[in-house]
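Undergrad: Let me begin by handing over the structure; questions about it come next.
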Amino acid sequence: MRFMLLGEQATGKSSLLVALYGALVNRRIEDLRIVRTIDDVEFLSRGLLAFGRQESLRRTEIDSDARLLMELARADQLVTLDIPDRSGELLKHMLDARVWDSGLLAQIRLAEGAMLFLRADQLIAEASPPPPPASFGESGEPFAETVAVQAPPAPPWSPALMPADARAVDLLQSLLDRRSEPLPLAIIISAWDSVSEPAPSPRDWLSESVRLLDQYLESNAERLPHAVFGVSAQGGDFSSGLAGELIRADPWDRAYLVGPDGLRETLASPILWLLDSKT
Amino acid sequence: MDTLDQLLFGYRDGHQLIAGSRSLSPRQQRDVLPHLDANFDHADAQQLVGIGIPSLHAYLLGRIWPAPELPRPGAVWAHALLLSAHQLAHIRLAGLLALLRRPLDDRFDYYSRALPVPQGFEYAPAPPPLARALAWAVGTADGSPRIVLWDNPDEAEGTLVGLLDASHDTDRFALSFRTRERARLRSPYRIQVAAAVVGPPGERRDAVIDPRDPPYESRPQTSAA
């Protein structure tokens, strides 16, 4: 089964693959067992070492040909999983240039499912109101005497200025233009640990915080059957320090996933959902 | 005075063009980016790349360095010179390596103007076994990609540019190369010089050359990362 990872840079694509690999190797997922790895898994092993040191993963370079390619056993069924890990910057430049990358285009035509990655903390920051202009007092009233300052000219519009949810919709629209068959889509909200407690279910969070994408998905549900998952592949923010009990935990035990309804599930849930969507 | 265009790529909300003496269209930037990005194992490593870019009508000669001072792990700097067909055919290329500079701070003035073509052409030749293997790899009649294994790929830099200099004018645009820590079996470069080879087990490795084990005719290799 070929599944595609869709997401711009630093949205957690490689991190989920690494955490999932760690969970599979260490038998933390009852429903799935690795039978054999087919391609080089060094990047996944390196990633686990980085997580063990509480370091974020290195970015994936643009011409990377890394992939998670392995044979898995699910009950009495054998499944070959093929998930290329392409650079998110490739997707970013593609959206900015509005020109499909030939490799991504080939993947879209062949994929039997996809995971679309969005970062919760980035979306939260985009949704926050901007600070008031400097020439206004705290009350919002203009100062009586202000010095006229020439505002810098606004940069010309380009796709790069679009917010993340609009870019995601732009991507999905382009994708449907290139593909006639339905594409099962697991929406992965990464950095789920940054969502304030009490966290809503990922499905509710998407509809509240990423409304444009949520509405687009709902209105294209037949062509884009989807489910929403919240994932913390690191288990927390390394830069601000992990909570006490997590520091001593192994990377595959720190990572966690929340299913569409808000219940804890295994890191393989999006894969299992995609597999079931095809049967 | 003849001048060379240059480009500086680095990480700013993604790996992208930071400064340059000319602009790039989104399509040109897309064509250039894979050649000016890298994944490094060691903070003191560097990579040299040379390849013709048809959409730019230019030959790209660039060097890539890790950028551990930038906030995103795995960020890199890449500085590239763009040579027109006339420049590729008529200037001494070996002197160009001295123009490739890693940024030391956030001042990029040096990279925003075209550079004068240097007059000197001093360069460090490779150790003889490596130089012989590179010359053999460049001269193979089938023109298929070759990987030259060498513990310190940086030692190949001068000789690679020297071989480009020594190639016939009409062959230079097609002669592409890259030094890197780990070469890939599937690669767009005619010559890769690397300390190791990575790729799926079972893929053909008969394009791998060990300079310490001549003659270099194709035969199965066992080297793998």
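Labels for the structure tokens follow display order: chains A, B, ..., residues from 1 in each chain, ligands from 1.
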Please extract the residues of range 23-232 of chain A with a backbone DSSP assignment of strand (DSSP E or B) and present them as a ChimeraX atom specification.
TA: /A:33-37,67-74,77-84,113-119,136,142,185-190,226-232
Undergrad: Report the residues of range 15-98 of chain A whose backbone DSSP state falls under alpha helix (DSSP H), written as a ChimeraX atom specification.
TA: /A:15-25,42-52,88-97
Undergrad: Output N, CA and C atoms for every residue in the selection just made, as a tab-separated table (two decimals), in the first residue's frame.
TA:
```
chain	number	residue	atom	x	y	z
A	15	SER	N	8.87	13.10	11.86
A	15	SER	CA	8.76	12.79	13.30
A	15	SER	C	7.75	11.68	13.54
A	16	LEU	N	6.62	11.72	12.82
A	16	LEU	CA	5.63	10.66	13.01
A	16	LEU	C	6.18	9.32	12.51
A	17	LEU	N	6.88	9.34	11.37
A	17	LEU	CA	7.45	8.08	10.86
A	17	LEU	C	8.44	7.49	11.87
A	18	VAL	N	9.26	8.34	12.45
A	18	VAL	CA	10.26	7.86	13.41
A	18	VAL	C	9.58	7.30	14.66
A	19	ALA	N	8.60	8.04	15.19
A	19	ALA	CA	7.91	7.56	16.39
A	19	ALA	C	7.15	6.26	16.10
A	20	LEU	N	6.54	6.18	14.92
A	20	LEU	CA	5.81	4.97	14.54
A	20	LEU	C	6.78	3.80	14.41
A	21	TYR	N	7.93	4.04	13.78
A	21	TYR	CA	8.92	2.98	13.64
A	21	TYR	C	9.38	2.49	15.02
A	22	GLY	N	9.63	3.44	15.92
A	22	GLY	CA	10.03	3.06	17.28
A	22	GLY	C	8.97	2.22	17.97
A	23	ALA	N	7.71	2.61	17.79
A	23	ALA	CA	6.62	1.87	18.43
A	23	ALA	C	6.48	0.47	17.82
A	24	LEU	N	6.69	0.36	16.51
A	24	LEU	CA	6.59	-0.95	15.86
A	24	LEU	C	7.74	-1.86	16.29
A	25	VAL	N	8.94	-1.33	16.26
A	25	VAL	CA	10.12	-2.15	16.61
A	25	VAL	C	10.02	-2.62	18.05
A	42	GLU	N	17.94	3.54	8.07
A	42	GLU	CA	18.91	4.25	8.91
A	42	GLU	C	18.37	5.60	9.37
A	43	PHE	N	17.63	6.29	8.47
A	43	PHE	CA	17.13	7.60	8.87
A	43	PHE	C	16.14	7.50	10.02
A	44	LEU	N	15.45	6.37	10.09
A	44	LEU	CA	14.51	6.18	11.20
A	44	LEU	C	15.26	5.87	12.50
A	45	SER	N	16.31	5.05	12.38
A	45	SER	CA	17.10	4.73	13.58
A	45	SER	C	17.80	5.99	14.10
A	46	ARG	N	18.32	6.80	13.19
A	46	ARG	CA	18.96	8.06	13.61
A	46	ARG	C	17.95	8.97	14.29
A	47	GLY	N	16.75	8.98	13.74
A	47	GLY	CA	15.71	9.81	14.31
A	47	GLY	C	15.38	9.39	15.74
A	48	LEU	N	15.32	8.06	15.97
A	48	LEU	CA	15.03	7.59	17.33
A	48	LEU	C	16.15	7.99	18.28
A	49	LEU	N	17.39	7.94	17.80
A	49	LEU	CA	18.51	8.37	18.65
A	49	LEU	C	18.37	9.85	19.00
A	50	ALA	N	17.99	10.67	18.00
A	50	ALA	CA	17.80	12.10	18.26
A	50	ALA	C	16.70	12.32	19.29
A	51	PHE	N	15.60	11.63	19.13
A	51	PHE	CA	14.49	11.76	20.10
A	51	PHE	C	14.96	11.32	21.50
A	52	GLY	N	15.79	10.27	21.52
A	52	GLY	CA	16.32	9.80	22.81
A	52	GLY	C	17.15	10.88	23.50
A	88	GLY	N	9.30	18.66	3.03
A	88	GLY	CA	8.17	19.58	3.03
A	88	GLY	C	8.45	20.84	2.23
A	89	GLU	N	9.73	21.18	2.11
A	89	GLU	CA	10.08	22.37	1.32
A	89	GLU	C	9.76	22.17	-0.16
A	90	LEU	N	9.80	20.93	-0.59
A	90	LEU	CA	9.41	20.63	-1.97
A	90	LEU	C	7.96	21.04	-2.19
A	91	LEU	N	7.12	20.71	-1.21
A	91	LEU	CA	5.70	21.07	-1.31
A	91	LEU	C	5.53	22.58	-1.20
A	92	LYS	N	6.28	23.19	-0.30
A	92	LYS	CA	6.18	24.66	-0.15
A	92	LYS	C	6.53	25.37	-1.46
A	93	HIS	N	7.63	24.98	-2.07
A	93	HIS	CA	8.04	25.64	-3.32
A	93	HIS	C	7.04	25.34	-4.43
A	94	MET	N	6.46	24.15	-4.38
A	94	MET	CA	5.47	23.79	-5.38
A	94	MET	C	4.22	24.68	-5.25
A	95	LEU	N	3.79	24.90	-4.01
A	95	LEU	CA	2.62	25.76	-3.80
A	95	LEU	C	2.94	27.21	-4.15
A	96	ASP	N	4.16	27.65	-3.80
A	96	ASP	CA	4.55	29.03	-4.12
A	96	ASP	C	4.63	29.24	-5.63
A	97	ALA	N	5.21	28.25	-6.31
A	97	ALA	CA	5.42	28.39	-7.76
A	97	ALA	C	4.19	28.00	-8.56
```
Undergrad: Just want the 6 Å neighbourhood of range 40-50 of chain B, counted on only C-alpha atoms, with same-chain residues fewer than 3 positions away dropped. Output as an MDAnalysis selection string.
TA: chainID B and resid 60:66 176:180
Undergrad: Specify as a PyMOL selection string all residues of chain A found within 12 Å of chain B, counting only C-alpha atoms.
TA: chain A and resi 8-11+37-43+46-47+50+55-70+86-102+158-161+239
Undergrad: Save the residues we just selected, C-alpha atoms, as a short mmCIF file (atom, residue, chain, number, x, y, z; two decimals), in the first residue's frame?
TA:
```
data_model
loop_
_atom_site.label_atom_id
_atom_site.label_comp_id
_atom_site.auth_asym_id
_atom_site.auth_seq_id
_atom_site.Cartn_x
_atom_site.Cartn_y
_atom_site.Cartn_z
CA GLU A 8 5.04 21.75 4.32
CA GLN A 9 8.34 21.99 6.17
CA ALA A 10 8.45 21.34 9.91
CA THR A 11 4.94 19.92 10.11
CA THR A 37 12.18 -3.91 6.46
CA ILE A 38 12.72 -3.62 2.73
CA ASP A 39 14.51 -0.29 2.27
CA ASP A 40 17.18 1.47 4.28
CA VAL A 41 15.81 2.43 7.71
CA GLU A 42 18.91 4.25 8.91
CA PHE A 43 17.13 7.60 8.87
CA ARG A 46 18.96 8.06 13.61
CA GLY A 47 15.71 9.81 14.31
CA ALA A 50 17.80 12.10 18.26
CA GLU A 55 16.58 16.72 20.06
CA SER A 56 14.23 17.57 17.22
CA LEU A 57 14.84 15.77 13.95
CA ARG A 58 16.98 17.31 11.27
CA ARG A 59 15.02 18.69 8.36
CA THR A 60 14.61 16.43 5.34
CA GLU A 61 16.73 17.68 2.46
CA ILE A 62 14.96 18.52 -0.78
CA ASP A 63 16.36 15.67 -2.87
CA SER A 64 15.91 13.06 -0.15
CA ASP A 65 14.76 9.65 -1.35
CA ALA A 66 14.12 8.28 2.13
CA ARG A 67 11.05 6.15 2.64
CA LEU A 68 9.46 3.84 5.15
CA LEU A 69 9.21 0.59 3.22
CA MET A 70 8.40 -2.50 5.22
CA ARG A 86 9.78 13.79 0.84
CA SER A 87 10.93 17.21 1.96
CA GLY A 88 8.17 19.58 3.03
CA GLU A 89 10.08 22.37 1.32
CA LEU A 90 9.41 20.63 -1.97
CA LEU A 91 5.70 21.07 -1.31
CA LYS A 92 6.18 24.66 -0.15
CA HIS A 93 8.04 25.64 -3.32
CA MET A 94 5.47 23.79 -5.38
CA LEU A 95 2.62 25.76 -3.80
CA ASP A 96 4.55 29.03 -4.12
CA ALA A 97 5.42 28.39 -7.76
CA ARG A 98 2.08 26.78 -8.57
CA VAL A 99 3.91 24.15 -10.56
CA TRP A 100 3.59 20.48 -9.65
CA ASP A 101 6.78 18.64 -8.85
CA SER A 102 6.92 15.62 -11.15
CA SER A 158 2.05 35.82 -3.48
CA PRO A 159 0.90 32.32 -2.52
CA ALA A 160 3.62 32.32 0.12
CA LEU A 161 1.58 34.89 2.11
CA SER A 239 13.07 23.50 23.70
#
```
Undergrad: Determine the nearest neighbour of Asp169 in chain B from the options B:Gln6, B:Asn152, B:Ser23, B:Gln87, counting only C-alpha atoms.
TA: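 Closest residue, counting only C-alpha atoms: B:Gln87.
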Undergrad: Need to verify the contact set: Leu206 in chain A, 10 Å, only C-alpha atoms, exclusion of same-chain residues closer than 3 positions in sequence. Can you return it as a VMD selection string?
TA: chain A and resid 120 187 189 200 to 203 209 to 215 228 to 230 260
Undergrad: Next, write the just-selected residues to a file, as a PDB file, in the first residue's frame, keeping N, CA and C atoms as the atom set.
TA:
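Output (selection-v4.pdb):
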```pdb
ATOM      1  N   ALA A 120      -0.267  22.274  14.981  1.00  0.00           N
ATOM      2  CA  ALA A 120      -1.212  22.957  15.859  1.00  0.00           C
ATOM      3  C   ALA A 120      -0.661  24.304  16.321  1.00  0.00           C
ATOM      4  N   ILE A 187      -5.957  13.378   8.414  1.00  0.00           N
ATOM      5  CA  ILE A 187      -5.470  14.712   8.770  1.00  0.00           C
ATOM      6  C   ILE A 187      -4.683  14.587  10.081  1.00  0.00           C
ATOM      7  N   ILE A 189      -2.824  16.476  12.976  1.00  0.00           N
ATOM      8  CA  ILE A 189      -2.515  17.744  13.651  1.00  0.00           C
ATOM      9  C   ILE A 189      -1.310  17.463  14.550  1.00  0.00           C
ATOM     10  N   PRO A 200      -9.921  19.855  23.050  1.00  0.00           N
ATOM     11  CA  PRO A 200     -11.095  19.260  22.397  1.00  0.00           C
ATOM     12  C   PRO A 200     -10.650  18.037  21.595  1.00  0.00           C
ATOM     13  N   SER A 201     -11.582  17.320  21.020  1.00  0.00           N
ATOM     14  CA  SER A 201     -11.194  16.218  20.139  1.00  0.00           C
ATOM     15  C   SER A 201     -10.549  16.831  18.889  1.00  0.00           C
ATOM     16  N   PRO A 202      -9.646  16.103  18.255  1.00  0.00           N
ATOM     17  CA  PRO A 202      -9.033  16.646  17.033  1.00  0.00           C
ATOM     18  C   PRO A 202     -10.068  17.064  15.992  1.00  0.00           C
ATOM     19  N   ARG A 203     -11.157  16.306  15.891  1.00  0.00           N
ATOM     20  CA  ARG A 203     -12.187  16.650  14.903  1.00  0.00           C
ATOM     21  C   ARG A 203     -12.804  18.015  15.243  1.00  0.00           C
ATOM     22  N   SER A 209     -10.698  25.622  14.643  1.00  0.00           N
ATOM     23  CA  SER A 209      -9.459  26.375  14.440  1.00  0.00           C
ATOM     24  C   SER A 209      -9.018  26.441  12.988  1.00  0.00           C
ATOM     25  N   VAL A 210      -9.484  25.533  12.164  1.00  0.00           N
ATOM     26  CA  VAL A 210      -9.038  25.488  10.763  1.00  0.00           C
ATOM     27  C   VAL A 210     -10.296  25.388   9.898  1.00  0.00           C
ATOM     28  N   ARG A 211     -11.109  26.432  10.010  1.00  0.00           N
ATOM     29  CA  ARG A 211     -12.465  26.332   9.475  1.00  0.00           C
ATOM     30  C   ARG A 211     -12.508  26.172   7.970  1.00  0.00           C
ATOM     31  N   LEU A 212     -11.663  26.882   7.284  1.00  0.00           N
ATOM     32  CA  LEU A 212     -11.694  26.814   5.820  1.00  0.00           C
ATOM     33  C   LEU A 212     -11.414  25.380   5.356  1.00  0.00           C
ATOM     34  N   LEU A 213     -10.383  24.791   5.929  1.00  0.00           N
ATOM     35  CA  LEU A 213     -10.038  23.414   5.557  1.00  0.00           C
ATOM     36  C   LEU A 213     -11.165  22.460   5.959  1.00  0.00           C
ATOM     37  N   ASP A 214     -11.692  22.656   7.155  1.00  0.00           N
ATOM     38  CA  ASP A 214     -12.765  21.777   7.629  1.00  0.00           C
ATOM     39  C   ASP A 214     -13.971  21.835   6.687  1.00  0.00           C
ATOM     40  N   GLN A 215     -14.336  23.050   6.289  1.00  0.00           N
ATOM     41  CA  GLN A 215     -15.487  23.183   5.381  1.00  0.00           C
ATOM     42  C   GLN A 215     -15.187  22.565   4.018  1.00  0.00           C
ATOM     43  N   VAL A 228      -9.511  12.793  11.469  1.00  0.00           N
ATOM     44  CA  VAL A 228      -8.575  13.770  12.041  1.00  0.00           C
ATOM     45  C   VAL A 228      -7.912  13.184  13.291  1.00  0.00           C
ATOM     46  N   PHE A 229      -6.592  13.277  13.346  1.00  0.00           N
ATOM     47  CA  PHE A 229      -5.826  12.755  14.477  1.00  0.00           C
ATOM     48  C   PHE A 229      -4.928  13.857  15.049  1.00  0.00           C
ATOM     49  N   GLY A 230      -4.757  13.850  16.359  1.00  0.00           N
ATOM     50  CA  GLY A 230      -3.779  14.731  16.992  1.00  0.00           C
ATOM     51  C   GLY A 230      -2.560  13.906  17.380  1.00  0.00           C
ATOM     52  N   PRO A 260      -9.858  10.722  16.394  1.00  0.00           N
ATOM     53  CA  PRO A 260     -10.836  11.746  16.013  1.00  0.00           C
ATOM     54  C   PRO A 260     -11.786  12.144  17.134  1.00  0.00           C
TER      55      PRO A 260
END
```
Undergrad: Counting only C-alpha atoms, which of B:Leu104, B:Glu181, B:Thr159, B:Arg190 gets nearest to Val138 in chain B?
TA: B:Arg190
Undergrad: What's the 7 Å shell around Leu115 in chain B, counting only C-alpha atoms, without same-chain residues fewer than 6 positions away, as an mmCIF file with N, CA and C atoms, in the first residue's frame?
TA:
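Produced file part-v6.cif, reproduced below:
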```cif
data_model
loop_
_atom_site.group_PDB
_atom_site.id
_atom_site.type_symbol
_atom_site.label_atom_id
_atom_site.label_comp_id
_atom_site.auth_asym_id
_atom_site.auth_seq_id
_atom_site.Cartn_x
_atom_site.Cartn_y
_atom_site.Cartn_z
ATOM 1 N N THR B 3 32.105 39.123 -15.436
ATOM 2 C CA THR B 3 31.633 38.831 -14.074
ATOM 3 C C THR B 3 30.771 37.568 -14.062
ATOM 4 N N LEU B 4 30.676 37.005 -12.877
ATOM 5 C CA LEU B 4 29.901 35.778 -12.669
ATOM 6 C C LEU B 4 28.702 36.061 -11.770
ATOM 7 N N ASP B 5 27.551 35.528 -12.136
ATOM 8 C CA ASP B 5 26.401 35.627 -11.240
ATOM 9 C C ASP B 5 26.557 34.639 -10.095
#
```
Undergrad: So which residues touch Tyr256 in chain A within 12 Å, counting only C-alpha atoms, skipping near sequence neighbours fewer than 6 positions away, as number ranges by chain?
TA: A: 15-16, 19-20, 22-23, 28-29, 189-193, 229-236, 246, 250, 262-269
Undergrad: Give me a file of those residues, with C-alpha atoms, as a PDB file, in the first residue's frame.
TA:
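out.pdb written:
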```
ATOM      1  CA  SER A  15       8.761  12.789  13.299  1.00  0.00           C
ATOM      2  CA  LEU A  16       5.629  10.658  13.007  1.00  0.00           C
ATOM      3  CA  ALA A  19       7.908   7.561  16.394  1.00  0.00           C
ATOM      4  CA  LEU A  20       5.815   4.969  14.537  1.00  0.00           C
ATOM      5  CA  GLY A  22      10.033   3.056  17.283  1.00  0.00           C
ATOM      6  CA  ALA A  23       6.616   1.866  18.427  1.00  0.00           C
ATOM      7  CA  ARG A  28       3.937  -1.084  21.335  1.00  0.00           C
ATOM      8  CA  ILE A  29       1.256  -1.675  18.707  1.00  0.00           C
ATOM      9  CA  ILE A 189      -2.515  17.744  13.651  1.00  0.00           C
ATOM     10  CA  SER A 190       1.063  17.602  14.896  1.00  0.00           C
ATOM     11  CA  ALA A 191       2.468  19.245  18.046  1.00  0.00           C
ATOM     12  CA  TRP A 192      -0.839  18.251  19.676  1.00  0.00           C
ATOM     13  CA  ASP A 193       0.804  18.828  23.063  1.00  0.00           C
ATOM     14  CA  PHE A 229      -5.826  12.755  14.477  1.00  0.00           C
ATOM     15  CA  GLY A 230      -3.779  14.731  16.992  1.00  0.00           C
ATOM     16  CA  VAL A 231      -0.155  13.604  17.298  1.00  0.00           C
ATOM     17  CA  SER A 232       2.701  14.518  19.600  1.00  0.00           C
ATOM     18  CA  ALA A 233       5.609  12.558  18.125  1.00  0.00           C
ATOM     19  CA  GLN A 234       8.111  14.062  20.563  1.00  0.00           C
ATOM     20  CA  GLY A 235       5.780  13.890  23.555  1.00  0.00           C
ATOM     21  CA  GLY A 236       6.344  17.587  24.251  1.00  0.00           C
ATOM     22  CA  LEU A 246       8.525  12.005  30.288  1.00  0.00           C
ATOM     23  CA  ASP A 250      11.713   6.020  25.858  1.00  0.00           C
ATOM     24  CA  GLY A 262     -10.412  12.562  21.542  1.00  0.00           C
ATOM     25  CA  LEU A 263      -9.464   9.129  22.880  1.00  0.00           C
ATOM     26  CA  ARG A 264      -5.871   7.927  23.120  1.00  0.00           C
ATOM     27  CA  GLU A 265      -5.010   5.487  20.339  1.00  0.00           C
ATOM     28  CA  THR A 266      -1.786   3.990  19.021  1.00  0.00           C
ATOM     29  CA  LEU A 267       0.570   5.783  16.640  1.00  0.00           C
ATOM     30  CA  ALA A 268      -0.511   3.354  13.930  1.00  0.00           C
ATOM     31  CA  SER A 269      -4.134   4.505  13.996  1.00  0.00           C
TER      32      SER A 269
END
```
Undergrad: Have a look at A:Asp261, A:Asp253, A:Glu112, A:Glu71 and name the one nearest to Ala199 in chain A; count only C-alpha atoms.
TA: A:Asp261
Undergrad: Taking into account only C-alpha atoms, which residue in the set A:Arg223, A:Arg178, A:Arg167, A:Arg254 is nearest to Arg109 in chain A?
TA: A:Arg178
Undergrad: Provide the CA of Ala89 in chain B to CA of Pro103 in chain B distance in Å, to one decimal place.
TA: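 Spanning CA of Ala89 in chain B to CA of Pro103 in chain B is a straight-line distance of 28.9 Å.
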Undergrad: To one decimal in Å, tell me the separation between CA of Ala207 in chain B and CA of Asp82 in chain A.
TA: 26.6 Å
Undergrad: Applying 9 Å and only C-alpha atoms, which residues near Leu93 in chain B remain after dropping the ones on its own chain fewer than 4 positions away? List them as an MDAnalysis selection string.
TA: chainID B and resid 87:88 97 121 161:162 164:165
Undergrad: Print the selection's residues with C-alpha atoms to a file, as a PDB file, in the first residue's frame.
TA:
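Below you can see out_7.pdb, which holds the result:
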```pdb
ATOM      1  CA  GLN B  87      32.266  31.434 -19.544  1.00  0.00           C
ATOM      2  CA  LEU B  88      32.155  27.665 -19.165  1.00  0.00           C
ATOM      3  CA  LEU B  97      36.683  27.443  -5.932  1.00  0.00           C
ATOM      4  CA  PHE B 121      43.853  29.200 -11.014  1.00  0.00           C
ATOM      5  CA  VAL B 161      37.084  21.183 -11.383  1.00  0.00           C
ATOM      6  CA  GLY B 162      40.397  20.508 -13.110  1.00  0.00           C
ATOM      7  CA  LEU B 164      35.938  20.018 -16.020  1.00  0.00           C
ATOM      8  CA  ASP B 165      38.581  22.495 -17.179  1.00  0.00           C
TER       9      ASP B 165
END
```
